[in-house]
>>> print(open('model_27.csv').read())   # CSV, C-alpha atoms
chain,number,residue,atom,x,y,z
A,272,MET,CA,0.0,0.0,0.0
A,273,GLY,CA,2.4,2.7,1.2
A,274,PRO,CA,4.3,4.8,0.4
A,275,LEU,CA,1.2,6.5,-1.2
A,276,PHE,CA,2.9,8.9,-3.6
A,277,PRO,CA,5.5,6.6,-5.0
A,278,ASN,CA,2.9,3.9,-5.5
A,279,GLY,CA,0.6,6.4,-7.3
A,280,ILE,CA,-2.3,6.0,-4.7
A,281,ILE,CA,-2.3,9.8,-4.2
A,282,THR,CA,-1.7,11.8,-7.3
A,283,GLY,CA,0.5,14.8,-8.0
A,284,GLU,CA,-2.1,17.5,-7.6
A,285,TRP,CA,-2.4,16.8,-3.8
A,286,ASP,CA,1.3,17.1,-3.4
A,287,PHE,CA,1.6,20.7,-2.2
A,288,VAL,CA,-1.6,20.6,-0.1
A,289,ILE,CA,-0.2,17.7,1.8
A,290,ALA,CA,3.2,19.4,2.1
A,291,LEU,CA,1.5,22.4,3.7
A,292,LEU,CA,-0.6,20.3,6.1
A,293,LEU,CA,2.4,18.2,7.2
A,294,GLY,CA,4.4,21.3,7.6
A,295,ILE,CA,1.8,22.9,9.8
A,296,ILE,CA,1.8,19.9,12.1
A,297,PHE,CA,5.6,19.9,12.1
A,298,GLY,CA,5.7,23.6,13.0
A,299,PHE,CA,3.0,23.3,15.6
A,300,VAL,CA,4.7,20.4,17.4
A,301,LEU,CA,8.1,22.2,17.3
A,302,GLU,CA,6.7,25.4,18.8
A,303,ALA,CA,4.5,23.7,21.3
A,304,SER,CA,7.5,21.7,22.6
A,305,GLY,CA,9.4,24.9,23.2
A,306,PHE,CA,11.7,24.9,20.2
A,307,SER,CA,10.9,28.5,19.3
A,308,SER,CA,13.3,29.5,22.0
A,309,SER,CA,17.0,29.2,21.4
A,310,ARG,CA,17.7,29.2,25.1
A,311,ASN,CA,15.5,26.1,25.6
A,312,ILE,CA,17.3,24.4,22.7
A,313,THR,CA,20.9,25.1,23.8
A,314,GLY,CA,20.0,23.8,27.3
A,315,VAL,CA,20.8,20.4,26.0
A,316,PHE,CA,24.5,21.4,25.7
A,317,TYR,CA,24.8,23.0,29.2
A,318,GLY,CA,22.6,20.6,31.1
A,319,TYR,CA,19.9,22.9,32.3
A,320,ASN,CA,17.2,21.8,29.9
A,321,PHE,CA,17.1,18.5,28.0
A,322,VAL,CA,13.9,19.1,26.1
A,323,VAL,CA,15.8,18.5,22.9
A,324,ILE,CA,16.9,15.0,23.9
A,325,ARG,CA,13.4,14.1,25.1
A,326,VAL,CA,11.6,15.2,22.0
A,327,PHE,CA,14.2,14.2,19.5
A,328,PHE,CA,14.9,10.7,20.9
A,329,THR,CA,11.2,9.9,21.5
A,330,ALA,CA,10.4,11.0,17.9
A,331,VAL,CA,13.2,8.8,16.5
A,332,ILE,CA,12.2,5.7,18.4
A,333,VAL,CA,8.5,6.1,17.7
A,334,ALA,CA,9.2,6.6,14.0
A,335,MET,CA,11.7,3.7,13.8
A,336,VAL,CA,9.5,1.2,15.6
A,337,GLY,CA,6.5,2.5,13.6
A,338,MET,CA,8.3,1.9,10.3
A,339,LEU,CA,9.1,-1.6,11.3
A,340,TYR,CA,5.5,-2.4,12.2
A,341,PHE,CA,4.1,-0.7,9.1
A,342,ASP,CA,6.5,-2.9,7.1
A,343,TYR,CA,5.6,-6.0,9.1
A,344,PHE,CA,1.9,-5.4,8.5
A,345,GLY,CA,2.5,-4.8,4.8
A,346,TRP,CA,1.3,-1.2,5.0
A,347,LEU,CA,4.6,0.4,4.0
A,348,ASP,CA,7.2,-1.0,1.6
A,349,LEU,CA,10.5,0.1,3.1
A,350,SER,CA,12.3,-0.7,-0.1
A,351,LYS,CA,10.4,2.1,-1.8
A,352,ILE,CA,11.1,4.9,0.6
A,353,PHE,CA,13.8,7.5,0.1
A,354,ILE,CA,17.0,6.7,1.9
A,355,LEU,CA,19.3,9.6,2.4
A,356,PRO,CA,22.5,9.0,0.4
A,357,THR,CA,25.7,8.7,2.4
A,358,PHE,CA,28.8,10.8,1.4
A,359,LEU,CA,30.9,10.0,4.3
A,360,SER,CA,33.5,12.7,4.7
A,361,PRO,CA,31.4,15.6,3.3
A,362,MET,CA,28.6,14.7,5.7
A,363,ILE,CA,30.9,14.5,8.7
A,364,LEU,CA,32.3,17.9,7.8
A,365,GLY,CA,28.8,19.2,7.2
A,366,GLY,CA,27.6,18.0,10.6
A,367,VAL,CA,30.6,19.5,12.3
A,368,ILE,CA,29.9,22.9,10.7
A,369,MET,CA,26.2,22.6,11.6
A,370,GLY,CA,27.2,21.8,15.2
A,371,VAL,CA,29.2,25.0,15.4
A,372,GLY,CA,26.3,27.0,13.8
A,373,PHE,CA,23.9,25.3,16.3
A,374,ILE,CA,25.8,26.5,19.4
A,375,MET,CA,26.4,30.0,17.9
A,376,GLY,CA,22.9,30.5,16.7
A,377,GLY,CA,20.8,28.4,19.1
A,378,PHE,CA,18.4,27.3,16.3
A,379,CYS,CA,18.3,24.8,13.5
A,380,PRO,CA,16.5,25.8,10.3
A,381,GLY,CA,13.1,24.4,11.1
A,382,THR,CA,13.0,25.8,14.7
A,383,SER,CA,14.1,29.2,13.5
A,384,PHE,CA,11.0,29.4,11.3
A,385,THR,CA,8.7,28.8,14.3
A,386,ALA,CA,10.7,31.4,16.3
A,387,ILE,CA,10.0,34.0,13.5
A,388,ALA,CA,6.4,33.1,13.6
A,389,ILE,CA,6.0,34.1,17.3
A,390,GLY,CA,8.0,37.3,16.8
A,391,LYS,CA,11.6,36.5,17.6
A,392,LEU,CA,14.0,38.7,15.7
A,393,ASP,CA,17.0,36.4,16.6
A,394,GLY,CA,15.2,33.7,14.7
A,395,LEU,CA,14.7,35.9,11.7
A,396,VAL,CA,18.4,36.9,11.7
A,397,PHE,CA,19.4,33.2,12.0
A,398,ALA,CA,17.2,32.4,9.0
A,399,ILE,CA,18.9,35.3,7.0
A,400,GLY,CA,22.2,33.7,8.0
A,401,LEU,CA,21.0,30.4,6.6
A,402,PHE,CA,20.2,32.1,3.4
A,403,LEU,CA,23.6,33.8,3.2
A,404,GLY,CA,25.4,30.5,4.2
A,405,ILE,CA,23.7,28.6,1.4
A,406,PHE,CA,24.4,31.4,-1.0
A,407,VAL,CA,28.1,31.4,-0.2
A,408,PHE,CA,28.1,27.6,-0.5
A,409,SER,CA,26.4,27.7,-3.9
A,410,LEU,CA,28.7,30.4,-5.3
A,411,SER,CA,31.9,28.7,-4.0
A,412,PHE,CA,30.7,25.2,-5.1
A,413,PRO,CA,33.2,24.9,-7.9
A,414,LEU,CA,36.1,25.1,-5.3
A,415,PHE,CA,35.0,21.9,-3.5
A,416,GLU,CA,33.0,20.1,-6.1
A,417,ASN,CA,35.2,17.0,-6.0
A,418,PHE,CA,35.1,16.9,-2.2
A,419,PHE,CA,31.3,17.3,-2.2
A,420,VAL,CA,30.7,14.1,-4.1
A,421,SER,CA,33.6,12.2,-2.4
A,422,GLY,CA,33.0,9.2,-0.1
A,423,ASN,CA,29.8,8.2,-2.0
A,424,MET,CA,28.4,5.0,-0.4
A,425,GLY,CA,25.0,5.3,-2.2
A,426,ASN,CA,21.6,5.2,-0.5
A,427,VAL,CA,22.7,2.9,2.3
A,428,THR,CA,21.0,2.0,5.5
A,429,LEU,CA,22.5,1.0,8.8
A,430,THR,CA,21.7,-2.6,7.8
A,431,ASP,CA,23.5,-2.3,4.5
A,432,VAL,CA,26.7,-1.0,6.2
A,433,THR,CA,26.7,-3.4,9.2
A,434,GLY,CA,24.7,-6.4,8.2
A,435,ILE,CA,22.7,-6.1,11.5
A,436,SER,CA,18.9,-6.0,11.0
A,437,ALA,CA,17.0,-2.8,11.5
A,438,ALA,CA,15.0,-4.2,14.4
A,439,TRP,CA,18.2,-4.4,16.4
A,440,PHE,CA,19.0,-0.8,15.7
A,441,ALA,CA,15.5,0.2,16.7
A,442,MET,CA,16.0,-1.7,20.0
A,443,ALA,CA,19.5,-0.2,20.6
A,444,PHE,CA,18.2,3.3,20.0
A,445,THR,CA,15.3,2.7,22.4
A,446,VAL,CA,17.6,1.4,25.1
A,447,VAL,CA,20.0,4.3,24.6
A,448,ALA,CA,17.1,6.8,24.6
A,449,LEU,CA,15.6,5.4,27.8
A,450,ALA,CA,19.0,5.5,29.5
A,451,ALA,CA,19.5,9.1,28.3
A,452,PHE,CA,16.1,10.2,29.6
A,453,TRP,CA,17.0,8.8,33.0
A,454,GLY,CA,20.6,10.1,33.1
A,455,THR,CA,19.8,13.6,31.8
A,456,SER,CA,16.9,14.0,34.3
A,457,ILE,CA,19.5,13.5,37.1
A,458,ILE,CA,22.0,15.9,35.5
A,459,GLU,CA,19.2,18.5,34.9
A,460,LYS,CA,18.1,18.4,38.5
A,461,LYS,CA,21.6,19.0,39.8
A,462,ILE,CA,22.4,21.9,37.4
A,463,ARG,CA,19.0,23.6,37.9
A,464,LYS,CA,19.7,23.9,41.6
A,465,ASN,CA,22.3,26.6,40.7
A,466,MET,CA,20.1,28.4,38.2
A,467,THR,CA,17.3,30.9,38.6
A,468,GLU,CA,15.7,30.0,35.3
A,469,HIS,CA,15.9,27.1,32.9
A,470,THR,CA,12.8,27.2,30.7
A,471,PHE,CA,12.3,30.1,28.3
B,215,MET,CA,13.2,39.7,27.8
B,216,ASN,CA,14.8,40.2,31.1
B,217,ILE,CA,15.4,37.7,33.8
B,218,ASN,CA,12.4,38.6,36.0
B,219,GLN,CA,9.9,38.5,33.1
B,220,SER,CA,10.8,35.0,32.1
B,221,THR,CA,10.6,33.5,35.6
B,222,ASP,CA,7.3,35.3,36.3
B,223,ASN,CA,5.6,34.0,33.3
B,224,GLU,CA,7.3,30.7,32.6
B,225,PRO,CA,6.0,29.6,29.3
B,226,LYS,CA,3.7,26.5,29.2
B,227,TYR,CA,4.9,23.9,26.8
B,228,ILE,CA,3.4,20.5,26.1
B,229,ASN,CA,5.0,17.5,27.8
B,230,PRO,CA,8.3,16.8,25.8
B,231,TYR,CA,7.5,13.0,25.5
B,232,LEU,CA,4.1,13.9,24.1
B,233,GLY,CA,5.8,16.2,21.7
B,234,GLY,CA,8.2,13.5,20.7
B,235,VAL,CA,5.5,10.9,20.1
B,236,LEU,CA,3.6,13.4,17.9
B,237,LEU,CA,6.8,14.3,16.0
B,238,GLY,CA,7.6,10.6,15.6
B,239,LEU,CA,4.1,9.8,14.3
B,240,LEU,CA,4.4,12.8,12.0
B,241,VAL,CA,7.6,11.5,10.5
B,242,LEU,CA,6.0,8.1,10.1
B,243,ILE,CA,2.9,9.5,8.4
B,244,THR,CA,5.1,11.7,6.2
B,245,VAL,CA,7.2,8.7,5.0
B,246,PHE,CA,4.0,6.6,4.6
B,247,VAL,CA,2.3,9.3,2.4
B,248,THR,CA,5.3,10.7,0.5
B,249,GLY,CA,8.0,8.1,0.7
B,250,ARG,CA,10.3,10.8,2.0
B,251,GLY,CA,10.9,12.7,5.2
B,252,LEU,CA,10.4,16.3,6.3
B,253,GLY,CA,13.0,19.0,5.8
B,254,ALA,CA,13.8,22.7,6.2
B,255,SER,CA,17.1,23.7,4.7
B,256,GLY,CA,16.0,22.5,1.3
B,257,ALA,CA,13.4,25.3,1.2
B,258,ILE,CA,16.2,27.9,1.8
B,259,LYS,CA,18.3,26.4,-0.9
B,260,SER,CA,15.3,26.9,-3.3
B,261,THR,CA,15.0,30.5,-2.1
B,262,VAL,CA,18.7,31.1,-2.7
B,263,VAL,CA,18.5,29.6,-6.3
B,264,ALA,CA,15.4,31.6,-7.0
B,265,THR,CA,17.1,34.8,-5.8
B,266,ALA,CA,20.3,34.1,-7.7
B,267,LYS,CA,18.3,33.4,-10.9
B,268,VAL,CA,17.0,36.9,-10.8
B,269,ILE,CA,20.1,38.9,-9.7
B,270,MET,CA,22.8,36.9,-11.4
B,271,PRO,CA,21.4,34.7,-14.1
B,272,ALA,CA,24.7,34.2,-15.9
B,273,THR,CA,26.4,32.9,-12.7
B,274,VAL,CA,23.5,30.4,-12.1
B,275,LYS,CA,23.9,29.0,-15.6
B,276,SER,CA,27.6,28.4,-15.2
B,277,ASN,CA,27.2,27.0,-11.6
B,278,SER,CA,26.4,23.3,-11.7
B,279,TYR,CA,25.1,23.3,-8.1
B,280,MET,CA,22.5,26.0,-8.7
B,281,ASN,CA,21.8,25.2,-12.4
B,282,SER,CA,20.6,21.7,-11.7
B,283,VAL,CA,17.7,23.2,-9.6
B,284,ALA,CA,17.2,26.4,-11.6
B,285,ASN,CA,17.0,24.6,-14.9
B,286,SER,CA,13.4,23.4,-14.9
B,287,GLU,CA,10.2,24.8,-16.4
B,288,HIS,CA,8.9,25.7,-13.0
B,289,SER,CA,10.3,28.3,-10.5
B,290,PRO,CA,12.9,26.9,-8.1
B,291,MET,CA,10.3,27.8,-5.4
B,292,TYR,CA,7.8,25.2,-6.8
B,293,THR,CA,9.0,22.4,-4.6
B,294,TRP,CA,7.5,20.2,-1.9
B,295,LEU,CA,9.9,21.5,0.8
B,296,VAL,CA,9.0,25.2,0.1
B,297,PHE,CA,5.3,24.5,0.7
B,298,GLU,CA,6.1,22.3,3.7
B,299,SER,CA,8.3,25.1,5.2
B,300,ILE,CA,5.6,27.7,4.8
B,301,GLY,CA,3.6,25.1,6.8
B,302,ILE,CA,6.2,25.1,9.5
B,303,PHE,CA,5.8,28.8,9.9
B,304,VAL,CA,2.0,28.7,9.9
B,305,GLY,CA,2.1,25.8,12.4
B,306,GLY,CA,4.4,27.7,14.7
B,307,LEU,CA,2.2,30.7,14.5
B,308,LEU,CA,-0.9,28.6,15.3
B,309,SER,CA,0.8,27.0,18.4
B,310,GLY,CA,2.1,30.5,19.4
B,311,ILE,CA,-1.4,31.9,19.2
B,312,ILE,CA,-3.0,29.0,21.1
B,313,PHE,CA,-0.4,29.1,23.9
B,314,GLY,CA,-0.2,32.9,24.0
B,315,ARG,CA,3.4,33.3,22.8
B,316,VAL,CA,2.9,35.5,19.8
B,317,LYS,CA,4.0,38.9,21.0
B,318,LYS,CA,5.6,42.0,19.6
B,319,PHE,CA,9.0,41.6,17.9
B,320,ARG,CA,11.7,40.8,20.4
B,321,ILE,CA,15.2,39.5,20.7
B,322,GLU,CA,15.7,36.6,23.1
B,323,HIS,CA,19.2,36.4,24.7
B,324,SER,CA,21.0,35.6,27.9
B,325,PRO,CA,21.1,38.6,30.3
B,326,LYS,CA,24.9,38.4,30.1
B,327,ILE,CA,25.0,39.4,26.5
B,328,SER,CA,23.6,42.4,24.6
B,329,SER,CA,20.9,42.1,21.9
B,330,LYS,CA,23.5,43.1,19.4
B,331,THR,CA,25.9,40.3,20.3
B,332,ARG,CA,23.0,37.9,20.2
B,333,LEU,CA,22.0,39.0,16.7
B,334,TRP,CA,25.6,38.8,15.3
B,335,PHE,CA,26.0,35.3,16.7
B,336,ALA,CA,22.6,34.3,15.3
B,337,LEU,CA,23.7,35.6,11.9
B,338,GLY,CA,27.0,33.8,12.1
B,339,GLY,CA,25.4,30.6,13.4
B,340,GLY,CA,22.8,30.7,10.6
B,341,MET,CA,25.6,31.0,8.1
B,342,PHE,CA,27.5,28.1,9.5
B,343,PHE,CA,24.3,26.0,9.7
B,344,GLY,CA,23.3,26.8,6.2
B,345,PHE,CA,26.7,26.2,4.7
B,346,GLY,CA,27.1,22.9,6.6
B,347,SER,CA,23.6,21.7,5.7
B,348,GLN,CA,24.7,21.5,2.0
B,349,PHE,CA,27.6,19.2,2.8
B,350,GLY,CA,25.3,17.3,5.2
B,351,ARG,CA,22.6,16.7,2.5
B,352,GLY,CA,20.1,18.1,4.9
B,353,CYS,CA,19.8,19.7,8.4
B,354,THR,CA,18.5,18.5,11.7
B,355,SER,CA,15.1,17.7,10.2
B,356,GLY,CA,15.9,16.0,6.9
B,357,ALA,CA,19.2,14.4,7.7
B,358,ALA,CA,19.4,13.9,11.5
B,359,LEU,CA,15.7,13.2,12.3
B,360,CYS,CA,14.2,11.7,9.2
B,361,GLY,CA,17.5,10.1,8.0
B,362,THR,CA,18.0,8.4,11.3
B,363,ALA,CA,14.3,7.4,11.6
B,364,THR,CA,14.5,5.7,8.2
B,365,PHE,CA,17.7,3.9,9.3
B,366,ALA,CA,19.8,5.8,6.8
B,367,PHE,CA,23.5,5.5,7.6
B,368,GLY,CA,24.2,9.1,6.5
B,369,GLY,CA,21.4,10.4,8.8
B,370,VAL,CA,23.1,8.8,11.9
B,371,ILE,CA,26.4,10.3,10.8
B,372,VAL,CA,25.0,13.8,10.6
B,373,LEU,CA,23.1,13.4,13.9
B,374,PHE,CA,26.3,12.4,15.8
B,375,ALA,CA,28.4,15.0,14.0
B,376,ILE,CA,26.0,17.9,14.9
B,377,PHE,CA,25.5,16.9,18.5
B,378,GLY,CA,29.0,15.7,19.1
B,379,THR,CA,30.4,19.0,17.8
B,380,GLY,CA,27.8,21.0,19.8
B,381,TYR,CA,29.1,19.3,23.0
B,382,ALA,CA,32.7,19.7,22.0
B,383,VAL,CA,32.5,23.5,21.4
B,384,ALA,CA,29.8,24.3,23.9
B,385,TYR,CA,32.4,25.4,26.5
B,386,PHE,CA,33.8,28.1,24.2
B,387,PHE,CA,30.4,29.7,23.6
B,388,ARG,CA,29.0,29.3,27.1
B,389,LYS,CA,28.8,33.1,27.7
B,390,LEU,CA,26.2,33.3,25.0
B,391,TRP,CA,23.8,31.0,26.9
B,392,ILE,CA,24.6,30.6,30.6
>>> encode(input="model_27.csv", output="structure tokens")
Amino acid sequence: MGPLFPNGIITGEWDFVIALLLGIIFGFVLEASGFSSSRNITGVFYGYNFVVIRVFFTAVIVAMVGMLYFDYFGWLDLSKIFILPTFLSPMILGGVIMGVGFIMGGFCPGTSFTAIAIGKLDGLVFAIGLFLGIFVFSLSFPLFENFFVSGNMGNVTLTDVTGISAAWFAMAFTVVALAAFWGTSIIEKKIRKNMTEHTF
Amino acid sequence: MNINQSTDNEPKYINPYLGGVLLGLLVLITVFVTGRGLGASGAIKSTVVATAKVIMPATVKSNSYMNSVANSEHSPMYTWLVFESIGIFVGGLLSGIIFGRVKKFRIEHSPKISSKTRLWFALGGGMFFGFGSQFGRGCTSGAALCGTATFAFGGVIVLFAIFGTGYAVAYFFRKLWI
């Protein structure tokens, strides 16, 4: 049955309507969870607010386990979904650069859109930065074109790389997430004792 | 935003685990319906290419990175991720209205830094994030969240690289936040 678009069950004209609707839910959940505030987000790096870990890890394990069940019930053909391609060294470098940007700016792209929506100018300036950063990247692309496509492993999953089945990864992520929820709540309690405010 | 204001009216957010379950279900439904995940940086790339096409058409033509997107019968803005990102804004606005967080324009920052410092670092942080997202084939949404959720090896790489680097450099930027 699924995925619906690639299998032609929903046709092209509904594409953008669905994009808008899914985006609205996405933005709503991000804002309602507290991601429209950079100081809530960066709490994950200083230990005073681990909302990012809670939301992110819960989302990953729900989605992972859901995918496996959907596949098991025959609702979703996992061989037909898009798997992000892996370009090993460029993606490590990209992640490192994004990590620096994350700690400097306090947002990621999606969360900055929700910050703009509720009137935060720091979110707007961050988004302008995103635009400039991608502009600079695009203009300077010829300089690192070869590096950009290096380390191409194709559209590989964790199973393709390791030979371990997806279910084990879902379980490992779940165990790690539960341990992280427990551990971070202890750290958070300790650090909050010395702070007057921790939720923004 | 000063220190007293934010402690007096501490904002009400939904339970983070509920937020996580909703976000996870959303990722699942998105993959079920579209066969792909969500995203955010892709929409900005479209905006960049659309802008460049107007202000420097010759450069876009000779630039393989931009030309591959610009060279279609539709505008570079006519993409799934642009409409989805407009949705992110609208959804954030709806939540903000419902929970009473839509207020006049303001700059949120730690009391230890000025608004100006906050904005310069927000600009720089955005530039780094945007630049890095192109090498990463996506940002926290498309690569780290949806990539990892679909068991993509690259998604996990980006996830660990972003958060690992965040923790590694957090000490040097601590004055911005604590």
>>> closest_residue(input="model_27.csv", among="B:Ile371, B:Leu295, B:Ala366, B:Ala357", to="Val288 in chain A", atoms="all atoms listed in the file")
B:Leu295
>>> residues_around(input="model_27.csv", residues="range 374-385 of chain B", least_positions_apart="3", cutoff="7 Å", atoms="only C-alpha atoms", output="ChimeraX atom specification")
/A:316,363,366-367,369-371,373-374 /B:370-371,388
>>> residues_near_point(input="model_27.csv", point="(6.8, 13.0, 17.0)", cutoff="12 Å", atoms="all atoms listed in the file", output="PyMOL selection string")
(chain A and resi 293+296-301+303-304+325-335+337) or (chain B and resi 229-244+252+355+359-360+363)
>>> closest_residue(input="model_27.csv", among="A:Ile289, A:Val323, A:Leu401, A:Leu339", to="chain B", atoms="only C-alpha atoms")
A:Leu401
>>> closest_residue(input="model_27.csv", among="A:Ile462, A:Val407, A:Ile435, A:Ala386", to="Tyr279 in chain B", atoms="all atoms listed in the file")
A:Val407
>>> atom_distance(input="model_27.csv", atom1="CA of Leu337 in chain B", atom2="CA of Gly372 in chain A")
9.2 Å
>>> closest_residue(input="model_27.csv", among="A:Ser308, A:Phe276, A:Gly434, A:Ile324", to="Ala450 in chain A", atoms="all atoms listed in the file")
A:Ile324
>>> atom_distance(input="model_27.csv", atom1="CA of Phe471 in chain A", atom2="CA of Ser307 in chain A")
9.2 Å
>>> closest_residue(input="model_27.csv", among="B:Ala254, B:Gly314, B:Asn277, B:Ile228", to="Ser299 in chain B", atoms="only C-alpha atoms")
B:Ala254
>>> residues_near_point(input="model_27.csv", point="(9.1, 6.0, 6.1)", cutoff="6 Å", atoms="only C-alpha atoms", output="VMD selection string")
(chain A and resid 338 352) or (chain B and resid 242 245 to 246 249 364)
>>> closest_residue(input="model_27.csv", among="B:Ala284, B:Val247, B:Val296, B:Leu390", to="chain A", atoms="only C-alpha atoms")
B:Val247
>>> residues_around(input="model_27.csv", residues="range 278-280 of chain A", least_positions_apart="2", cutoff="12 Å", atoms="only C-alpha atoms", output="list in words")
Met272, Gly273, Pro274, Leu275, Phe276, Thr282, Gly283, Glu284, Trp285, Asp286, Trp346, Leu347, Asp348, Ser350, Lys351 and Ile352 of chain A; Phe246, Val247, Thr248 and Gly249 of chain B
>>> write_last_selection(input="model_27.csv", atoms="C-alpha atoms", output="PDB file, in the frame of the given file")
ATOM      1  CA  MET A 272       0.000   0.000   0.000  1.00  0.00           C
ATOM      2  CA  GLY A 273       2.400   2.700   1.200  1.00  0.00           C
ATOM      3  CA  PRO A 274       4.300   4.800   0.400  1.00  0.00           C
ATOM      4  CA  LEU A 275       1.200   6.500  -1.200  1.00  0.00           C
ATOM      5  CA  PHE A 276       2.900   8.900  -3.600  1.00  0.00           C
ATOM      6  CA  THR A 282      -1.700  11.800  -7.300  1.00  0.00           C
ATOM      7  CA  GLY A 283       0.500  14.800  -8.000  1.00  0.00           C
ATOM      8  CA  GLU A 284      -2.100  17.500  -7.600  1.00  0.00           C
ATOM      9  CA  TRP A 285      -2.400  16.800  -3.800  1.00  0.00           C
ATOM     10  CA  ASP A 286       1.300  17.100  -3.400  1.00  0.00           C
ATOM     11  CA  TRP A 346       1.300  -1.200   5.000  1.00  0.00           C
ATOM     12  CA  LEU A 347       4.600   0.400   4.000  1.00  0.00           C
ATOM     13  CA  ASP A 348       7.200  -1.000   1.600  1.00  0.00           C
ATOM     14  CA  SER A 350      12.300  -0.700  -0.100  1.00  0.00           C
ATOM     15  CA  LYS A 351      10.400   2.100  -1.800  1.00  0.00           C
ATOM     16  CA  ILE A 352      11.100   4.900   0.600  1.00  0.00           C
TER      17      ILE A 352
ATOM     18  CA  PHE B 246       4.000   6.600   4.600  1.00  0.00           C
ATOM     19  CA  VAL B 247       2.300   9.300   2.400  1.00  0.00           C
ATOM     20  CA  THR B 248       5.300  10.700   0.500  1.00  0.00           C
ATOM     21  CA  GLY B 249       8.000   8.100   0.700  1.00  0.00           C
TER      22      GLY B 249
END
>>> residues_around(input="model_27.csv", residues="Lys326 in chain B", least_positions_apart="2", cutoff="10 Å", atoms="all atoms listed in the file", output="list in words")
His323, Ser324, Ser328, Ser329, Lys389, Leu390, Trp391 and Ile392 of chain B
>>> atom_distance(input="model_27.csv", atom1="CA of Leu355 in chain A", atom2="CA of Phe367 in chain B")
7.8 Å
>>> residues_around(input="model_27.csv", residues="Met362 in chain A", least_positions_apart="5", cutoff="9 Å", atoms="all atoms listed in the file", output="ChimeraX atom specification")
/A:357,367,419 /B:346-351,368-369,371-372,375
>>> write_last_selection(input="model_27.csv", atoms="C-alpha atoms", output="PDB file, in the frame of the given file")
ATOM      1  CA  THR A 357      25.700   8.700   2.400  1.00  0.00           C
ATOM      2  CA  VAL A 367      30.600  19.500  12.300  1.00  0.00           C
ATOM      3  CA  PHE A 419      31.300  17.300  -2.200  1.00  0.00           C
TER       4      PHE A 419
ATOM      5  CA  GLY B 346      27.100  22.900   6.600  1.00  0.00           C
ATOM      6  CA  SER B 347      23.600  21.700   5.700  1.00  0.00           C
ATOM      7  CA  GLN B 348      24.700  21.500   2.000  1.00  0.00           C
ATOM      8  CA  PHE B 349      27.600  19.200   2.800  1.00  0.00           C
ATOM      9  CA  GLY B 350      25.300  17.300   5.200  1.00  0.00           C
ATOM     10  CA  ARG B 351      22.600  16.700   2.500  1.00  0.00           C
ATOM     11  CA  GLY B 368      24.200   9.100   6.500  1.00  0.00           C
ATOM     12  CA  GLY B 369      21.400  10.400   8.800  1.00  0.00           C
ATOM     13  CA  ILE B 371      26.400  10.300  10.800  1.00  0.00           C
ATOM     14  CA  VAL B 372      25.000  13.800  10.600  1.00  0.00           C
ATOM     15  CA  ALA B 375      28.400  15.000  14.000  1.00  0.00           C
TER      16      ALA B 375
END
>>> decode(input="model_27.csv", residues="range 323-334 of chain A", atoms="N, CA and C atoms", output="short mmCIF file (atom, residue, chain, number, x, y, z; two decimals), in the first residue's frame")
data_model
loop_
_atom_site.label_atom_id
_atom_site.label_comp_id
_atom_site.auth_asym_id
_atom_site.auth_seq_id
_atom_site.Cartn_x
_atom_site.Cartn_y
_atom_site.Cartn_z
N VAL A 323 15.37 18.95 24.19
CA VAL A 323 15.76 18.50 22.85
C VAL A 323 15.95 16.98 22.83
N ILE A 324 16.66 16.46 23.83
CA ILE A 324 16.89 15.01 23.92
C ILE A 324 15.55 14.28 24.03
N ARG A 325 14.66 14.80 24.89
CA ARG A 325 13.38 14.11 25.12
C ARG A 325 12.55 14.06 23.86
N VAL A 326 12.40 15.20 23.21
CA VAL A 326 11.55 15.24 22.02
C VAL A 326 12.21 14.47 20.87
N PHE A 327 13.49 14.74 20.66
CA PHE A 327 14.17 14.15 19.50
C PHE A 327 14.25 12.62 19.59
N PHE A 328 14.74 12.13 20.72
CA PHE A 328 14.89 10.68 20.87
C PHE A 328 13.54 9.97 20.85
N THR A 329 12.53 10.57 21.51
CA THR A 329 11.20 9.95 21.47
C THR A 329 10.71 9.87 20.03
N ALA A 330 10.89 10.96 19.29
CA ALA A 330 10.43 10.98 17.90
C ALA A 330 11.14 9.91 17.08
N VAL A 331 12.47 9.80 17.26
CA VAL A 331 13.22 8.81 16.48
C VAL A 331 12.76 7.39 16.79
N ILE A 332 12.57 7.07 18.08
CA ILE A 332 12.20 5.68 18.37
C ILE A 332 10.76 5.37 17.97
N VAL A 333 9.86 6.36 18.12
CA VAL A 333 8.48 6.13 17.68
C VAL A 333 8.46 5.90 16.17
N ALA A 334 9.18 6.75 15.43
CA ALA A 334 9.19 6.62 13.97
C ALA A 334 9.85 5.31 13.53
#
